[in-house]
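Undergrad: Quick one, start-v7.txt (compact mmCIF, C-alpha atoms):
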```
# COMPACT_ATOMS: atom_id res chain seq x y z
CA MET A 171 0.00 0.00 0.00
CA ALA A 172 1.37 3.42 -0.98
CA ALA A 173 2.02 6.04 1.68
CA VAL A 174 -0.29 9.06 1.77
CA PRO A 175 1.58 11.91 0.03
CA ALA A 176 2.21 15.22 1.74
CA LEU A 177 -0.45 17.86 1.16
CA HIS A 178 0.55 20.37 -1.53
CA PRO A 179 1.06 23.89 -0.01
CA ASN A 180 -1.65 25.39 -2.27
CA LEU A 181 -4.24 23.15 -0.58
CA GLN A 182 -3.92 24.60 2.93
CA ASN A 183 -7.07 26.76 2.59
CA VAL A 184 -9.17 23.81 1.34
CA LYS A 185 -7.78 20.97 3.47
CA HIS A 186 -10.93 21.07 5.64
CA LEU A 187 -12.78 19.55 2.66
CA LEU A 188 -10.75 16.32 2.69
CA GLY A 189 -12.77 13.22 3.47
CA THR A 190 -16.24 11.86 2.80
CA TRP A 191 -19.25 13.99 3.71
CA LYS A 192 -22.85 12.77 3.96
CA GLY A 193 -26.12 14.51 4.68
CA LYS A 194 -29.38 15.86 3.36
CA GLY A 195 -30.42 18.72 1.17
CA ARG A 196 -33.44 20.45 -0.29
CA GLY A 197 -34.02 21.45 -3.90
CA VAL A 198 -36.45 24.03 -5.24
CA TYR A 199 -36.98 25.61 -8.65
CA PRO A 200 -40.02 27.16 -10.37
CA THR A 201 -40.25 24.35 -12.94
CA ILE A 202 -40.23 21.42 -10.48
CA GLN A 203 -41.81 20.33 -7.21
CA ALA A 204 -39.59 20.95 -4.16
CA PHE A 205 -37.72 17.83 -3.07
CA ASP A 206 -35.45 16.51 -0.31
CA TYR A 207 -32.41 14.42 -1.14
CA GLY A 208 -29.54 12.50 0.40
CA GLU A 209 -26.00 13.33 -0.64
CA GLU A 210 -22.45 12.05 -0.43
CA VAL A 211 -19.44 14.18 -1.38
CA ARG A 212 -15.84 13.00 -1.30
CA PHE A 213 -12.61 15.02 -1.59
CA TRP A 214 -9.15 13.39 -1.62
CA HIS A 215 -5.64 14.31 -2.79
CA SER A 216 -2.52 12.91 -4.41
CA GLY A 217 0.05 15.48 -3.26
CA ARG A 218 -0.49 17.68 -6.31
CA PRO A 219 -2.24 21.12 -6.33
CA PHE A 220 -5.77 19.78 -6.75
CA LEU A 221 -8.36 17.69 -4.93
CA PHE A 222 -10.23 14.82 -6.55
CA TYR A 223 -14.01 15.32 -6.19
CA SER A 224 -17.01 13.01 -6.47
CA GLN A 225 -20.63 13.72 -5.60
CA LYS A 226 -23.87 11.76 -5.77
CA THR A 227 -27.42 12.37 -4.60
CA TRP A 228 -30.44 10.14 -4.16
CA ASN A 229 -34.16 10.34 -3.49
CA LEU A 230 -34.77 9.97 0.24
CA GLN A 231 -38.14 8.28 -0.34
CA ASN A 232 -37.04 5.40 -2.56
CA GLY A 233 -33.22 5.55 -2.75
CA ASN A 234 -33.18 6.13 -6.52
CA PRO A 235 -30.17 8.09 -7.83
CA LEU A 236 -30.82 11.74 -8.73
CA HIS A 237 -27.58 13.46 -9.76
CA ALA A 238 -23.86 12.75 -9.87
CA GLU A 239 -20.73 14.64 -10.86
CA THR A 240 -17.04 13.99 -10.68
CA GLY A 241 -13.91 16.00 -11.31
CA PHE A 242 -11.15 18.05 -9.77
CA LEU A 243 -10.94 21.10 -7.53
CA ARG A 244 -7.82 22.73 -8.96
CA VAL A 245 -5.95 25.16 -6.70
CA PRO A 246 -3.41 27.01 -8.89
CA SER A 247 -2.70 29.44 -6.04
CA PRO A 248 -3.70 29.39 -2.35
CA THR A 249 -6.77 31.57 -2.96
CA LYS A 250 -7.75 30.76 -6.60
CA LEU A 251 -9.96 27.75 -7.41
CA GLU A 252 -11.19 25.96 -10.52
CA LEU A 253 -13.78 23.18 -10.20
CA VAL A 254 -13.63 21.05 -13.36
CA LEU A 255 -16.65 18.70 -13.56
CA ALA A 256 -18.28 16.05 -15.71
CA GLN A 257 -21.85 14.80 -15.28
CA PRO A 258 -23.43 11.63 -16.71
CA SER A 259 -26.17 13.86 -18.20
CA GLY A 260 -23.71 14.94 -20.91
CA VAL A 261 -22.65 18.22 -19.31
CA SER A 262 -19.12 19.32 -18.42
CA SER A 263 -18.23 22.62 -16.80
CA ILE A 264 -15.50 24.76 -15.30
CA GLU A 265 -16.36 26.86 -12.26
CA GLU A 266 -13.90 29.51 -11.19
CA GLY A 267 -13.69 31.22 -7.84
CA THR A 268 -11.86 31.88 -4.63
CA VAL A 269 -11.32 30.53 -1.15
CA SER A 270 -10.98 32.95 1.75
CA GLU A 271 -8.59 32.49 4.67
CA ASP A 272 -11.52 31.32 6.81
CA GLY A 273 -12.29 28.57 4.25
CA VAL A 274 -15.37 30.02 2.50
CA ILE A 275 -15.36 28.79 -1.10
CA SER A 276 -17.20 30.84 -3.74
CA LEU A 277 -17.44 29.49 -7.30
CA SER A 278 -19.30 30.62 -10.41
CA CYS A 279 -19.84 29.32 -13.92
CA ASN A 280 -21.40 30.94 -16.99
CA SER A 281 -22.43 29.61 -20.37
CA ASN A 282 -19.02 29.96 -22.00
CA LYS A 283 -17.62 27.44 -19.48
CA ILE A 284 -20.37 24.82 -19.95
CA VAL A 285 -20.12 22.15 -22.67
CA ARG A 286 -23.00 19.83 -23.54
CA SER A 287 -23.20 16.64 -25.57
CA GLU A 288 -25.62 16.46 -28.48
CA THR A 289 -28.10 14.52 -26.34
CA ALA A 290 -28.04 16.69 -23.18
CA LYS A 291 -31.65 17.51 -22.33
CA HIS A 292 -33.29 20.93 -22.26
CA PRO A 293 -33.72 23.30 -20.56
CA TRP A 294 -29.98 23.92 -20.58
CA VAL A 295 -28.29 25.33 -17.53
CA GLU A 296 -26.56 28.57 -18.55
CA GLU A 297 -25.04 29.74 -15.29
CA TYR A 298 -24.70 28.81 -11.66
CA THR A 299 -22.91 29.71 -8.45
CA ARG A 300 -21.89 27.58 -5.47
CA VAL A 301 -20.78 28.63 -2.02
CA PHE A 302 -19.31 26.07 0.39
CA ARG A 303 -18.70 26.97 4.04
CA MET A 304 -17.94 25.22 7.30
CA VAL A 305 -20.50 25.84 10.06
CA ASP A 306 -19.98 24.12 13.43
CA GLY A 307 -17.87 21.38 11.83
CA LYS A 308 -20.43 20.70 9.09
CA LEU A 309 -20.03 21.41 5.38
CA GLU A 310 -22.88 23.56 4.06
CA TYR A 311 -23.43 24.68 0.50
CA VAL A 312 -25.89 26.70 -1.54
CA LEU A 313 -26.24 26.42 -5.33
CA ASN A 314 -28.04 29.04 -7.43
CA MET A 315 -28.86 28.27 -11.07
CA GLY A 316 -30.14 29.95 -14.22
CA THR A 317 -31.37 28.09 -17.29
CA GLU A 318 -32.32 29.11 -20.80
CA ASN A 319 -35.90 29.54 -19.44
CA GLN A 320 -35.34 30.83 -15.89
CA PRO A 321 -33.17 33.60 -14.41
CA MET A 322 -30.48 32.85 -11.83
CA GLN A 323 -32.11 31.86 -8.53
CA HIS A 324 -31.82 29.54 -5.54
CA HIS A 325 -31.88 25.82 -6.40
CA LEU A 326 -30.10 23.63 -3.80
CA GLN A 327 -29.01 23.81 -0.18
CA ALA A 328 -27.47 21.02 1.89
CA THR A 329 -25.73 20.31 5.17
CA LEU A 330 -23.20 17.47 5.24
CA GLU A 331 -21.37 15.86 8.15
CA LYS A 332 -17.95 14.26 7.87
CA ASP A 333 -18.36 10.51 7.55
CA SER A 334 -14.70 9.57 7.20
CA GLU A 335 -11.26 11.03 6.50
```
Show me the file's structure as structure tokens.
TA:
Amino acid sequence: MAAVPALHPNLQNVKHLLGTWKGKGRGVYPTIQAFDYGEEVRFWHSGRPFLFYSQKTWNLQNGNPLHAETGFLRVPSPTKLELVLAQPSGVSSIEEGTVSEDGVISLSCNSNKIVRSETAKHPWVEEYTRVFRMVDGKLEYVLNMGTENQPMQHHLQATLEKDSE
């Protein structure tokens, strides 16, 4: 078994993300019925200036999968972030943002950083923002979204507890 590599210096402001996080969230949007969901997010590293990222959600009523994404949280400098993602729905994106010294992560993405496959379904997401923050040892996030039919507005909010390192 390989030894765990040393954490890259650029990752100091995001090291609190490392591990597996689980919890519940709530989604709302004008075009759908409000829903509650379960979620698991995992961040891990290889000693280089990025974190690996995976995320999945499921319906709390029946356990069916809802959404998933995977990618990398790139940290080219201690305060600059790039979240590079792929989704099984045929969408890939690059979110750019910052991390503050107290660990608040703010990311945004607009239509010129979203790529869709030919079969990605409408309505297309055109922009979104995410904010991650630690509150009393829990990871909380809010995601706002705008589509080709709806302006930017609140969509998701979740609170996750660390499940493992």
Undergrad: Using all atoms listed in the file, find the one residue out of A:Leu251, A:Met315, A:Ala238, A:Leu326 that sits nearest to A:Ser281.
TA: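 Of A:Leu251, A:Met315, A:Ala238, A:Leu326, the one nearest A:Ser281, counting all atoms listed in the file, is A:Met315.
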Undergrad: Hey, what's within 10 Å of A:Ala176 if we count all atoms listed in the file and toss same-chain stuff fewer than 4 positions away? As a CSV table (one decimal) with C-alpha atoms, in the frame of the given file, please?
TA:
```
chain,number,residue,atom,x,y,z
A,215,HIS,CA,-5.6,14.3,-2.8
A,216,SER,CA,-2.5,12.9,-4.4
A,217,GLY,CA,0.0,15.5,-3.3
A,218,ARG,CA,-0.5,17.7,-6.3
```
Undergrad: List every protein, DNA or RNA residue that has an atom no more than 10 Å from (-33.2, 23.8, -16.7) in the file's coordinate frame, counting all atoms listed in the file, and report them as a ChimeraX atom specification.
TA: /A:199-202,291-296,315-320
Undergrad: Looking at A:Glu310, A:Pro321, A:Asp272, A:Glu209, which one is nearest to A:Leu230, with distances taken over all atoms listed in the file?
TA: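 Nearest to A:Leu230: A:Glu209.
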Undergrad: Calculated over all atoms listed in the file, which of the candidates A:Lys332, A:Leu181, A:Gly189, A:Ala172 has the smallest distance to A:Lys250?
TA: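 Ranking A:Lys332, A:Leu181, A:Gly189, A:Ala172 by distance to A:Lys250, first place goes to A:Leu181.
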Undergrad: Could you please determine the separation between atom CA of A:Pro175 and atom CA of A:Trp214 in Å, to one decimal place?
TA: 11.0 Å
Undergrad: Just want the 10 Å neighbourhood of A:Ile275, counted on only C-alpha atoms, with same-chain residues fewer than 4 positions away dropped. Output as an MDAnalysis selection string.
TA: chainID A and resid 183:184 249:251 267:271 300:304 311
Undergrad: Go through stretch 239-294 of chain A and flag each residue having an atom no more than 10 Å from stretch 225-229 of chain A; for those, report the closest pair of atoms plus their distance in Å to one decimal, using all atoms listed in the file, ordered by chain and rising number, as CSV.
TA:
```
residue,atom,partner,partner_atom,distance
A:Glu239,CA,A:Gln225,CA,5.3
A:Thr240,CA,A:Gln225,CA,6.2
A:Gly241,CA,A:Gln225,CA,9.1
A:Gln257,CA,A:Gln225,CA,9.8
```
Undergrad: For the residues selected in the previous step, produce a file with C-alpha atoms as an mmCIF file, in the coordinates of the input.
TA:
```
data_model
loop_
_atom_site.group_PDB
_atom_site.id
_atom_site.type_symbol
_atom_site.label_atom_id
_atom_site.label_comp_id
_atom_site.auth_asym_id
_atom_site.auth_seq_id
_atom_site.Cartn_x
_atom_site.Cartn_y
_atom_site.Cartn_z
ATOM 1 C CA GLU A 239 -20.730 14.640 -10.860
ATOM 2 C CA THR A 240 -17.040 13.990 -10.680
ATOM 3 C CA GLY A 241 -13.910 16.000 -11.310
ATOM 4 C CA GLN A 257 -21.850 14.800 -15.280
#
```
Undergrad: If we count only C-alpha atoms and set the cut-off at 10 Å, which residues sit around A:Thr289, ignoring sequence neighbours fewer than 2 positions away in its own chain? Please answer as a JSON list (two decimals) with C-alpha atoms, in the frame of the given file.
TA:
```
[["chain", "number", "residue", "atom", "x", "y", "z"],
["A", 259, "SER", "CA", -26.17, 13.86, -18.20],
["A", 260, "GLY", "CA", -23.71, 14.94, -20.91],
["A", 261, "VAL", "CA", -22.65, 18.22, -19.31],
["A", 286, "ARG", "CA", -23.00, 19.83, -23.54],
["A", 287, "SER", "CA", -23.20, 16.64, -25.57],
["A", 291, "LYS", "CA", -31.65, 17.51, -22.33],
["A", 292, "HIS", "CA", -33.29, 20.93, -22.26]]
```
Undergrad: Quick one: distance from atom CA of A:His237 to atom CA of A:Thr299 in Å, one decimal?
TA: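 Value for the atom CA of A:His237-atom CA of A:Thr299 distance: 17.0 Å.
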Undergrad: Here is a test: counting all atoms listed in the file, which residue of A:Cys279, A:Leu236, A:Val245, A:Leu255 is nearest to A:Asn314?
TA: A:Cys279
Undergrad: Quick one, how far is atom CA of A:Leu277 from atom CA of A:Ile264?
TA: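 Value for the atom CA of A:Leu277-atom CA of A:Ile264 distance: 9.5 Å.
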Undergrad: Return the padded bounding box of stretch 202-210 of chain A as lines of an AutoDock Vina configuration file: axis-aligned, built from all atoms listed in the file, 3 Å added on each side, with centre and edge lengths in Å to one decimal.
TA:
```
center_x = -32.1
center_y = 16.7
center_z = -5.0
size_x = 25.4
size_y = 15.4
size_z = 16.9
```
Undergrad: Nearest to A:Pro248 among A:Glu335, A:Gly197, A:Pro219, A:Ser278, with distances taken over only C-alpha atoms: which residue is it?
TA: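 Of A:Glu335, A:Gly197, A:Pro219, A:Ser278, the one nearest A:Pro248, counting only C-alpha atoms, is A:Pro219.
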Undergrad: When distances are computed from only C-alpha atoms, which of A:Gly195, A:Pro258, A:Pro235, A:Gly208 shows the smallest separation from A:Leu313?
TA: A:Gly195
Undergrad: Kindly add N, CA, C and O atoms to the incomplete stretch 281-301 of chain A and provide the output as a PDB file, keeping the file's coordinate frame.
TA:
```pdb
ATOM      1  N   SER A 281     -22.213  30.463 -19.210  1.00  0.00           N
ATOM      2  CA  SER A 281     -22.430  29.610 -20.370  1.00  0.00           C
ATOM      3  C   SER A 281     -21.189  29.342 -21.212  1.00  0.00           C
ATOM      4  O   SER A 281     -21.098  28.314 -21.868  1.00  0.00           O
ATOM      5  N   ASN A 282     -20.203  30.232 -21.184  1.00  0.00           N
ATOM      6  CA  ASN A 282     -19.020  29.960 -22.000  1.00  0.00           C
ATOM      7  C   ASN A 282     -18.086  28.949 -21.342  1.00  0.00           C
ATOM      8  O   ASN A 282     -17.070  28.584 -21.920  1.00  0.00           O
ATOM      9  N   LYS A 283     -18.421  28.460 -20.150  1.00  0.00           N
ATOM     10  CA  LYS A 283     -17.620  27.440 -19.480  1.00  0.00           C
ATOM     11  C   LYS A 283     -18.414  26.151 -19.274  1.00  0.00           C
ATOM     12  O   LYS A 283     -18.072  25.316 -18.469  1.00  0.00           O
ATOM     13  N   ILE A 284     -19.532  26.016 -20.003  1.00  0.00           N
ATOM     14  CA  ILE A 284     -20.370  24.820 -19.950  1.00  0.00           C
ATOM     15  C   ILE A 284     -20.386  24.190 -21.339  1.00  0.00           C
ATOM     16  O   ILE A 284     -20.643  24.865 -22.328  1.00  0.00           O
ATOM     17  N   VAL A 285     -20.101  22.886 -21.407  1.00  0.00           N
ATOM     18  CA  VAL A 285     -20.120  22.150 -22.670  1.00  0.00           C
ATOM     19  C   VAL A 285     -21.136  21.022 -22.532  1.00  0.00           C
ATOM     20  O   VAL A 285     -21.189  20.354 -21.498  1.00  0.00           O
ATOM     21  N   ARG A 286     -21.951  20.847 -23.563  1.00  0.00           N
ATOM     22  CA  ARG A 286     -23.000  19.830 -23.540  1.00  0.00           C
ATOM     23  C   ARG A 286     -22.829  18.859 -24.709  1.00  0.00           C
ATOM     24  O   ARG A 286     -22.477  19.276 -25.808  1.00  0.00           O
ATOM     25  N   SER A 287     -23.159  17.613 -24.469  1.00  0.00           N
ATOM     26  CA  SER A 287     -23.200  16.640 -25.570  1.00  0.00           C
ATOM     27  C   SER A 287     -24.436  16.915 -26.417  1.00  0.00           C
ATOM     28  O   SER A 287     -25.343  17.642 -26.001  1.00  0.00           O
ATOM     29  N   GLU A 288     -24.481  16.303 -27.583  1.00  0.00           N
ATOM     30  CA  GLU A 288     -25.620  16.460 -28.480  1.00  0.00           C
ATOM     31  C   GLU A 288     -26.935  16.038 -27.842  1.00  0.00           C
ATOM     32  O   GLU A 288     -27.986  16.553 -28.171  1.00  0.00           O
ATOM     33  N   THR A 289     -26.870  15.077 -26.916  1.00  0.00           N
ATOM     34  CA  THR A 289     -28.100  14.520 -26.340  1.00  0.00           C
ATOM     35  C   THR A 289     -28.440  15.084 -24.956  1.00  0.00           C
ATOM     36  O   THR A 289     -29.377  14.606 -24.325  1.00  0.00           O
ATOM     37  N   ALA A 290     -27.705  16.081 -24.482  1.00  0.00           N
ATOM     38  CA  ALA A 290     -28.040  16.690 -23.180  1.00  0.00           C
ATOM     39  C   ALA A 290     -29.429  17.315 -23.274  1.00  0.00           C
ATOM     40  O   ALA A 290     -29.773  17.965 -24.260  1.00  0.00           O
ATOM     41  N   LYS A 291     -30.247  17.092 -22.253  1.00  0.00           N
ATOM     42  CA  LYS A 291     -31.650  17.510 -22.330  1.00  0.00           C
ATOM     43  C   LYS A 291     -31.819  19.002 -22.008  1.00  0.00           C
ATOM     44  O   LYS A 291     -31.025  19.600 -21.286  1.00  0.00           O
ATOM     45  N   HIS A 292     -32.885  19.552 -22.537  1.00  0.00           N
ATOM     46  CA  HIS A 292     -33.290  20.930 -22.260  1.00  0.00           C
ATOM     47  C   HIS A 292     -34.201  20.932 -21.044  1.00  0.00           C
ATOM     48  O   HIS A 292     -34.828  19.920 -20.747  1.00  0.00           O
ATOM     49  N   PRO A 293     -34.372  22.013 -20.307  1.00  0.00           N
ATOM     50  CA  PRO A 293     -33.720  23.300 -20.560  1.00  0.00           C
ATOM     51  C   PRO A 293     -32.262  23.265 -20.105  1.00  0.00           C
ATOM     52  O   PRO A 293     -31.940  22.682 -19.079  1.00  0.00           O
ATOM     53  N   TRP A 294     -31.401  23.886 -20.881  1.00  0.00           N
ATOM     54  CA  TRP A 294     -29.980  23.920 -20.580  1.00  0.00           C
ATOM     55  C   TRP A 294     -29.670  24.887 -19.460  1.00  0.00           C
ATOM     56  O   TRP A 294     -30.181  26.004 -19.422  1.00  0.00           O
ATOM     57  N   VAL A 295     -28.820  24.436 -18.561  1.00  0.00           N
ATOM     58  CA  VAL A 295     -28.290  25.330 -17.530  1.00  0.00           C
ATOM     59  C   VAL A 295     -27.310  26.275 -18.214  1.00  0.00           C
ATOM     60  O   VAL A 295     -26.462  25.849 -18.993  1.00  0.00           O
ATOM     61  N   GLU A 296     -27.437  27.567 -17.937  1.00  0.00           N
ATOM     62  CA  GLU A 296     -26.560  28.570 -18.550  1.00  0.00           C
ATOM     63  C   GLU A 296     -25.598  29.210 -17.569  1.00  0.00           C
ATOM     64  O   GLU A 296     -24.585  29.761 -17.972  1.00  0.00           O
ATOM     65  N   GLU A 297     -25.939  29.171 -16.297  1.00  0.00           N
ATOM     66  CA  GLU A 297     -25.040  29.740 -15.290  1.00  0.00           C
ATOM     67  C   GLU A 297     -25.417  29.199 -13.919  1.00  0.00           C
ATOM     68  O   GLU A 297     -26.546  28.794 -13.683  1.00  0.00           O
ATOM     69  N   TYR A 298     -24.425  29.167 -13.039  1.00  0.00           N
ATOM     70  CA  TYR A 298     -24.700  28.810 -11.660  1.00  0.00           C
ATOM     71  C   TYR A 298     -23.568  29.286 -10.757  1.00  0.00           C
ATOM     72  O   TYR A 298     -22.464  29.586 -11.214  1.00  0.00           O
ATOM     73  N   THR A 299     -23.894  29.364  -9.474  1.00  0.00           N
ATOM     74  CA  THR A 299     -22.910  29.710  -8.450  1.00  0.00           C
ATOM     75  C   THR A 299     -23.036  28.709  -7.318  1.00  0.00           C
ATOM     76  O   THR A 299     -24.123  28.183  -7.057  1.00  0.00           O
ATOM     77  N   ARG A 300     -21.915  28.438  -6.661  1.00  0.00           N
ATOM     78  CA  ARG A 300     -21.890  27.580  -5.470  1.00  0.00           C
ATOM     79  C   ARG A 300     -21.107  28.299  -4.396  1.00  0.00           C
ATOM     80  O   ARG A 300     -20.081  28.912  -4.685  1.00  0.00           O
ATOM     81  N   VAL A 301     -21.548  28.153  -3.172  1.00  0.00           N
ATOM     82  CA  VAL A 301     -20.780  28.630  -2.020  1.00  0.00           C
ATOM     83  C   VAL A 301     -20.743  27.492  -1.011  1.00  0.00           C
ATOM     84  O   VAL A 301     -21.782  26.968  -0.610  1.00  0.00           O
TER      85      VAL A 301
END
```
